[in-house]
$ cat final.pdb   # PDB, C-alpha atoms
ATOM      1  CA  MET A   1       0.000   0.000   0.000
ATOM      2  CA  ASN A   2       1.113   3.525  -0.785
ATOM      3  CA  ALA A   3       0.671   6.403   1.651
ATOM      4  CA  LEU A   4       0.864   9.995   0.498
ATOM      5  CA  VAL A   5       1.254  12.829   2.995
ATOM      6  CA  TRP A   6       0.227  16.232   1.609
ATOM      7  CA  GLY A   7       2.118  18.798   3.642
ATOM      8  CA  HIS A   8       5.597  18.337   5.023
ATOM      9  CA  GLY A   9       5.598  20.614   8.065
ATOM     10  CA  ARG A  10       6.004  19.441  11.644
ATOM     11  CA  VAL A  11       2.961  17.132  11.616
ATOM     12  CA  GLY A  12       3.660  15.827   8.115
ATOM     13  CA  LYS A  13       7.273  14.962   8.921
ATOM     14  CA  HIS A  14       6.230  13.045  12.023
ATOM     15  CA  LEU A  15       3.527  11.226  10.095
ATOM     16  CA  VAL A  16       5.942  10.176   7.343
ATOM     17  CA  LEU A  17       8.257   8.621   9.941
ATOM     18  CA  ARG A  18       5.462   6.843  11.791
ATOM     19  CA  ALA A  19       3.780   5.560   8.630
ATOM     20  CA  ARG A  20       6.880   3.872   7.175
ATOM     21  CA  PRO A  21       6.466   0.578   9.079
ATOM     22  CA  LEU A  22       2.799   0.380   8.025
ATOM     23  CA  PHE A  23       3.032   1.038   4.286
ATOM     24  CA  ASN A  24       5.157  -0.283   1.419
ATOM     25  CA  ASN A  25       5.814   3.248   0.228
ATOM     26  CA  VAL A  26       5.411   6.576   2.020
ATOM     27  CA  SER A  27       5.944   9.837   0.193
ATOM     28  CA  TYR A  28       4.939  13.454   0.645
ATOM     29  CA  ILE A  29       3.960  16.373  -1.526
ATOM     30  CA  GLU A  30       3.588  20.103  -1.180
ATOM     31  CA  GLU A  31       1.879  22.626  -3.428
ATOM     32  CA  ALA A  32       5.301  23.806  -4.546
ATOM     33  CA  ASN A  33       5.955  20.400  -6.171
ATOM     34  CA  GLY A  34       3.951  21.359  -9.247
ATOM     35  CA  GLN A  35       0.681  20.001 -10.602
ATOM     36  CA  ARG A  36       2.127  17.227 -12.781
ATOM     37  CA  PHE A  37       4.109  15.756  -9.868
ATOM     38  CA  ILE A  38       1.100  16.027  -7.527
ATOM     39  CA  ASP A  39      -1.224  14.351 -10.061
ATOM     40  CA  LYS A  40       1.210  11.453 -10.485
ATOM     41  CA  LYS A  41       1.469  10.908  -6.725
ATOM     42  CA  LEU A  42      -2.301  11.149  -6.206
ATOM     43  CA  ALA A  43      -2.928   8.488  -8.872
ATOM     44  CA  THR A  44      -0.990   5.881  -6.868
ATOM     45  CA  ALA A  45      -2.027   6.818  -3.314
ATOM     46  CA  ASP A  46      -3.967   4.192  -1.391
ATOM     47  CA  VAL A  47      -4.174   6.548   1.583
ATOM     48  CA  LEU A  48      -3.956  10.337   1.343
ATOM     49  CA  PHE A  49      -3.126  12.143   4.593
ATOM     50  CA  LEU A  50      -3.766  15.888   4.640
ATOM     51  CA  THR A  51      -1.442  17.720   7.017
ATOM     52  CA  MET A  52      -0.916  20.996   5.163
ATOM     53  CA  SER A  53      -1.510  24.476   6.462
ATOM     54  CA  ILE A  54      -3.974  26.696   4.667
ATOM     55  CA  SER A  55      -3.758  30.253   3.515
ATOM     56  CA  GLY A  56      -6.796  31.822   1.972
ATOM     57  CA  ASP A  57     -10.343  30.590   1.934
ATOM     58  CA  GLN A  58     -10.252  28.063  -0.911
ATOM     59  CA  PRO A  59      -9.678  24.354  -0.244
ATOM     60  CA  VAL A  60      -6.306  23.043  -1.376
ATOM     61  CA  VAL A  61      -7.797  19.618  -2.108
ATOM     62  CA  GLY A  62     -10.954  19.790  -4.197
ATOM     63  CA  ARG A  63     -12.956  17.540  -6.469
ATOM     64  CA  VAL A  64     -10.276  17.558  -9.192
ATOM     65  CA  GLN A  65      -7.570  16.302  -6.833
ATOM     66  CA  LEU A  66      -9.874  13.759  -5.168
ATOM     67  CA  GLU A  67     -10.915  12.332  -8.548
ATOM     68  CA  ARG A  68      -7.249  11.614  -9.334
ATOM     69  CA  LEU A  69      -7.115   9.122  -6.433
ATOM     70  CA  PRO A  70      -7.797   5.402  -7.037
ATOM     71  CA  ARG A  71     -11.397   4.275  -6.361
ATOM     72  CA  SER A  72     -10.351   2.401  -3.234
ATOM     73  CA  ALA A  73      -8.354   5.306  -1.763
ATOM     74  CA  ILE A  74      -8.903   6.563   1.755
ATOM     75  CA  VAL A  75      -8.624  10.262   2.610
ATOM     76  CA  VAL A  76      -7.513  11.269   6.123
ATOM     77  CA  ASN A  77      -7.710  14.950   7.057
ATOM     78  CA  VAL A  78      -5.862  15.975  10.219
ATOM     79  CA  ALA A  79      -5.050  19.490   8.996
ATOM     80  CA  ARG A  80      -7.867  22.053   8.906
ATOM     81  CA  GLY A  81     -11.384  21.394   7.704
ATOM     82  CA  GLU A  82     -11.011  24.178   5.178
ATOM     83  CA  CYS A  83      -8.108  22.377   3.433
ATOM     84  CA  LEU A  84     -10.534  19.890   1.918
ATOM     85  CA  ASP A  85     -13.663  20.395  -0.175
ATOM     86  CA  THR A  86     -15.824  18.320   2.146
ATOM     87  CA  LEU A  87     -18.920  18.428  -0.083
ATOM     88  CA  ALA A  88     -16.911  17.062  -3.042
ATOM     89  CA  LEU A  89     -15.524  14.339  -0.753
ATOM     90  CA  LEU A  90     -19.040  13.385   0.343
ATOM     91  CA  ASP A  91     -20.237  13.242  -3.282
ATOM     92  CA  LEU A  92     -17.363  10.960  -4.299
ATOM     93  CA  LEU A  93     -17.847   8.726  -1.258
ATOM     94  CA  GLY A  94     -21.563   8.463  -2.041
ATOM     95  CA  GLU A  95     -20.853   7.615  -5.674
ATOM     96  CA  GLY A  96     -18.388   4.884  -4.664
ATOM     97  CA  LYS A  97     -15.477   6.747  -6.276
ATOM     98  CA  LEU A  98     -13.463   6.707  -3.043
ATOM     99  CA  GLY A  99     -13.023   3.906  -0.544
ATOM    100  CA  GLY A 100     -13.477   5.945   2.598
ATOM    101  CA  ALA A 101     -12.439   8.903   4.684
ATOM    102  CA  ALA A 102     -11.479   9.785   8.232
ATOM    103  CA  LEU A 103     -11.919  13.399   9.241
ATOM    104  CA  ASP A 104     -10.332  14.686  12.410
ATOM    105  CA  VAL A 105     -11.441  18.188  11.440
ATOM    106  CA  LEU A 106     -14.408  19.761   9.684
ATOM    107  CA  PRO A 107     -14.889  23.209   8.182
ATOM    108  CA  GLY A 108     -15.609  25.707  10.933
ATOM    109  CA  ASP A 109     -14.190  23.579  13.767
ATOM    110  CA  HIS A 110     -11.840  26.361  14.800
ATOM    111  CA  ALA A 111     -14.537  29.050  14.563
ATOM    112  CA  PHE A 112     -16.089  30.365  17.753
ATOM    113  CA  PRO A 113     -18.888  30.427  18.590
ATOM    114  CA  PHE A 114     -19.673  27.053  17.106
ATOM    115  CA  GLN A 115     -23.027  28.285  15.792
ATOM    116  CA  ARG A 116     -21.003  29.391  12.756
ATOM    117  CA  TRP A 117     -20.679  25.827  11.497
ATOM    118  CA  GLY A 118     -21.707  25.753   7.871
ATOM    119  CA  THR A 119     -23.364  23.421   5.413
ATOM    120  CA  GLU A 120     -20.240  21.277   4.966
ATOM    121  CA  HIS A 121     -19.988  20.561   8.683
ATOM    122  CA  TYR A 122     -23.596  19.406   9.010
ATOM    123  CA  ALA A 123     -23.510  17.504   5.720
ATOM    124  CA  ALA A 124     -20.476  15.499   6.868
ATOM    125  CA  VAL A 125     -22.040  14.647  10.223
ATOM    126  CA  SER A 126     -25.315  13.612   8.539
ATOM    127  CA  TYR A 127     -23.464  11.487   5.980
ATOM    128  CA  ALA A 128     -21.389   9.758   8.685
ATOM    129  CA  LYS A 129     -24.534   8.812  10.602
ATOM    130  CA  GLU A 130     -25.908   6.964   7.576
ATOM    131  CA  HIS A 131     -22.786   5.503   5.919
ATOM    132  CA  ASP A 132     -19.921   3.341   7.102
ATOM    133  CA  ASN A 133     -17.246   4.780   4.805
ATOM    134  CA  LEU A 134     -16.771   8.022   6.765
ATOM    135  CA  ILE A 135     -15.393   8.337  10.284
ATOM    136  CA  ILE A 136     -15.393  11.670  12.107
ATOM    137  CA  THR A 137     -13.259  12.021  15.223
ATOM    138  CA  PRO A 138     -12.906  14.973  17.603
ATOM    139  CA  HIS A 139      -9.878  17.146  16.918
ATOM    140  CA  ILE A 140      -8.232  16.934  20.332
ATOM    141  CA  ALA A 141      -4.530  16.927  19.492
ATOM    142  CA  GLY A 142      -4.067  19.997  21.676
ATOM    143  CA  SER A 143      -5.895  18.457  24.624
ATOM    144  CA  THR A 144      -3.358  15.911  25.766
ATOM    145  CA  GLU A 145      -1.622  16.205  29.120
ATOM    146  CA  ASP A 146       1.699  16.830  27.366
ATOM    147  CA  ALA A 147       0.179  19.557  25.185
ATOM    148  CA  TRP A 148      -1.320  21.304  28.200
ATOM    149  CA  HIS A 149       1.993  21.107  30.070
ATOM    150  CA  GLU A 150       3.913  22.518  27.097
ATOM    151  CA  THR A 151       1.366  25.306  26.642
ATOM    152  CA  GLN A 152       1.512  26.250  30.317
ATOM    153  CA  SER A 153       5.316  26.229  30.296
ATOM    154  CA  TYR A 154       5.392  28.377  27.151
ATOM    155  CA  VAL A 155       2.974  30.937  28.613
ATOM    156  CA  ILE A 156       4.881  31.094  31.902
ATOM    157  CA  ASP A 157       8.196  31.585  30.073
ATOM    158  CA  LYS A 158       6.722  34.361  27.911
ATOM    159  CA  VAL A 159       5.233  36.144  30.920
ATOM    160  CA  LYS A 160       8.580  35.927  32.745
ATOM    161  CA  GLU A 161      10.355  37.288  29.682
ATOM    162  CA  ILE A 162       7.987  40.253  29.346
ATOM    163  CA  LEU A 163       8.069  41.030  33.063
ATOM    164  CA  SER A 164      11.852  40.831  33.250
ATOM    165  CA  VAL A 165      12.193  43.349  30.400
ATOM    166  CA  GLU A 166       9.670  45.696  32.022
ATOM    167  CA  CYS A 167      11.294  45.364  35.457
ATOM    168  CA  ALA A 168      14.741  45.993  34.039
ATOM    169  CA  ALA A 169      13.459  49.147  32.341
ATOM    170  CA  ALA A 170      11.763  50.295  35.566
ATOM    171  CA  ILE A 171      14.949  49.750  37.564
ATOM    172  CA  ARG A 172      16.893  51.840  35.038
ATOM    173  CA  GLY A 173      14.186  54.500  35.245
ATOM    174  CA  GLN A 174      13.227  54.044  31.613
ATOM    175  CA  GLY A 175       9.760  52.610  32.160
ATOM    176  CA  ASP A 176       6.864  52.991  34.529
ATOM    177  CA  ARG A 177       7.755  53.673  38.150
ATOM    178  CA  LYS A 178       6.805  50.116  39.011
ATOM    179  CA  CYS A 179       6.960  47.110  36.782
ATOM    180  CA  LYS A 180       3.883  44.916  36.479
ATOM    181  CA  ALA A 181       5.520  42.142  38.475
ATOM    182  CA  HIS A 182       5.648  44.387  41.529
ATOM    183  CA  SER A 183       1.993  45.371  41.195
ATOM    184  CA  PHE A 184       1.046  41.693  41.632
ATOM    185  CA  VAL A 185       2.650  41.561  45.070
ATOM    186  CA  ASP A 186       1.720  45.036  46.336
TER
END

$ encode --input "final.pdb" --output "C-alpha cells"
Amino acid sequence: MNALVWGHGRVGKHLVLRARPLFNNVSYIEEANGQRFIDKKLATADVLFLTMSISGDQPVVGRVQLERLPRSAIVVNVARGECLDTLALLDLLGEGKLGGAALDVLPGDHAFPFQRWGTEHYAAVSYAKEHDNLIITPHIAGSTEDAWHETQSYVIDKVKEILSVECAAAIRGQGDRKCKAHSFVD
C-alpha cells in the first residue's frame, strides 16, 4: 500500500516517519511540487493524509484532486477542515469513487462560537450517521496532558520574559515607576 502525505511541516514529517512501518511506500507532496508531480502521486495513493496548512479561503484539495485518487483510496484529514472540499468528498464517497475517509477536522471547527458551522460541517455529520465509509473524530490533538503542560510552560516563560524586560526598564528609570511584576505583590 502507498501512503501519500500532503504537507511536510512538523505534523507531516512526524507522520511520514510513523507511517513507514505500516506502508510499502510513504511519500509526501507540497503545493510547490507542481501540478504534474502532484497528479502522479495522487494516482498511486492508497491513503492520502492531509497535514498541510492553509492560507486563503479556498480548499487546497478539491474535487479535481480527489478524482485523481484510485477508487479504493482513503482520505484522512488531520489538517484544517477548510483544506478539503468536504462536499466534493461526500459526493465521491456516495458515488463509490473513493473507498473511505477519516476526518479529524471539519470546516468551521476552529470558529467560535460554534453556531457558525456551515453546510459542509452538518452535511459530513449527517453522511457519517448513515454511511460506514466516513469516520469523524474529535480534533483533540491539543488536549493531551503533554500539550497542556507545554502550553503552560510556554505561557509562563513568555510572561517571565515580558516582566523581566519591564522590570529591568523600571529599575533603570526608563519605564513605569513600578513594573507589572511588583503590582502583583503590592

$ axis_aligned_box --input "final.pdb" --around "region 144-160 of chain A" --padding-each-side "6 Å" --output "AutoDock Vina command-line options"
--center_x 2.6 --center_y 26.0 --center_z 29.0 --size_x 23.9 --size_y 32.2 --size_z 19.6

$ closest_atom_pairs --input "final.pdb" --of "region 87-152 of chain A" --to "region 52-76 of chain A" --cutoff "9 Å" --atoms "only C-alpha atoms" --output "Markdown table"
| residue | atom | partner | partner_atom | distance |
| --- | --- | --- | --- | --- |
| A:Leu87 | CA | A:Arg63 | CA | 8.8 |
| A:Ala88 | CA | A:Arg63 | CA | 5.3 |
| A:Leu89 | CA | A:Arg63 | CA | 7.0 |
| A:Leu92 | CA | A:Glu67 | CA | 7.8 |
| A:Gly96 | CA | A:Arg71 | CA | 7.2 |
| A:Lys97 | CA | A:Arg71 | CA | 4.8 |
| A:Leu98 | CA | A:Arg71 | CA | 4.6 |
| A:Gly99 | CA | A:Ser72 | CA | 4.1 |
| A:Gly100 | CA | A:Ile74 | CA | 4.7 |
| A:Ala101 | CA | A:Val75 | CA | 4.6 |
| A:Ala102 | CA | A:Val76 | CA | 4.7 |
| A:Leu103 | CA | A:Val76 | CA | 5.8 |
| A:Asp104 | CA | A:Val76 | CA | 7.7 |

$ residues_near_point --input "final.pdb" --point "(3.7, 10.5, 11.0)" --cutoff "12 Å" --atoms "only C-alpha atoms" --output "VMD selection string"
chain A and resid 3 to 23 26 to 28 49 to 51 78

$ residues_around --input "final.pdb" --residues "Ala124 (chain A)" --least-positions-apart "2" --cutoff "9 Å" --atoms "only C-alpha atoms" --output "list in words"
Thr86, Leu87, Leu90, Leu106, Thr119, Glu120, His121, Tyr122, Ser126, Tyr127, Ala128, Lys129, Leu134 and Ile136 of chain A

$ atom_distance --input "final.pdb" --atom1 "CA of Val47 (chain A)" --atom2 "CA of Asp109 (chain A)"
23.2 Å

$ atom_distance --input "final.pdb" --atom1 "CA of Phe37 (chain A)" --atom2 "CA of Pro107 (chain A)"
27.2 Å

$ closest_residue --input "final.pdb" --among "A:Gly108, A:Pro138, A:Leu42, A:Asn2" --to "Gly81 (chain A)" --atoms "only C-alpha atoms"
A:Gly108

$ atom_distance --input "final.pdb" --atom1 "CA of Cys83 (chain A)" --atom2 "CA of Ile38 (chain A)"
15.7 Å

$ decode --input "final.pdb" --residues "region 86-100 of chain A" --atoms "C-alpha atoms" --output "PDB file, in the first residue's frame"
ATOM      1  CA  THR A  86     -15.824  18.320   2.146  1.00  0.00           C
ATOM      2  CA  LEU A  87     -18.920  18.428  -0.083  1.00  0.00           C
ATOM      3  CA  ALA A  88     -16.911  17.062  -3.042  1.00  0.00           C
ATOM      4  CA  LEU A  89     -15.524  14.339  -0.753  1.00  0.00           C
ATOM      5  CA  LEU A  90     -19.040  13.385   0.343  1.00  0.00           C
ATOM      6  CA  ASP A  91     -20.237  13.242  -3.282  1.00  0.00           C
ATOM      7  CA  LEU A  92     -17.363  10.960  -4.299  1.00  0.00           C
ATOM      8  CA  LEU A  93     -17.847   8.726  -1.258  1.00  0.00           C
ATOM      9  CA  GLY A  94     -21.563   8.463  -2.041  1.00  0.00           C
ATOM     10  CA  GLU A  95     -20.853   7.615  -5.674  1.00  0.00           C
ATOM     11  CA  GLY A  96     -18.388   4.884  -4.664  1.00  0.00           C
ATOM     12  CA  LYS A  97     -15.477   6.747  -6.276  1.00  0.00           C
ATOM     13  CA  LEU A  98     -13.463   6.707  -3.043  1.00  0.00           C
ATOM     14  CA  GLY A  99     -13.023   3.906  -0.544  1.00  0.00           C
ATOM     15  CA  GLY A 100     -13.477   5.945   2.598  1.00  0.00           C
TER      16      GLY A 100
END
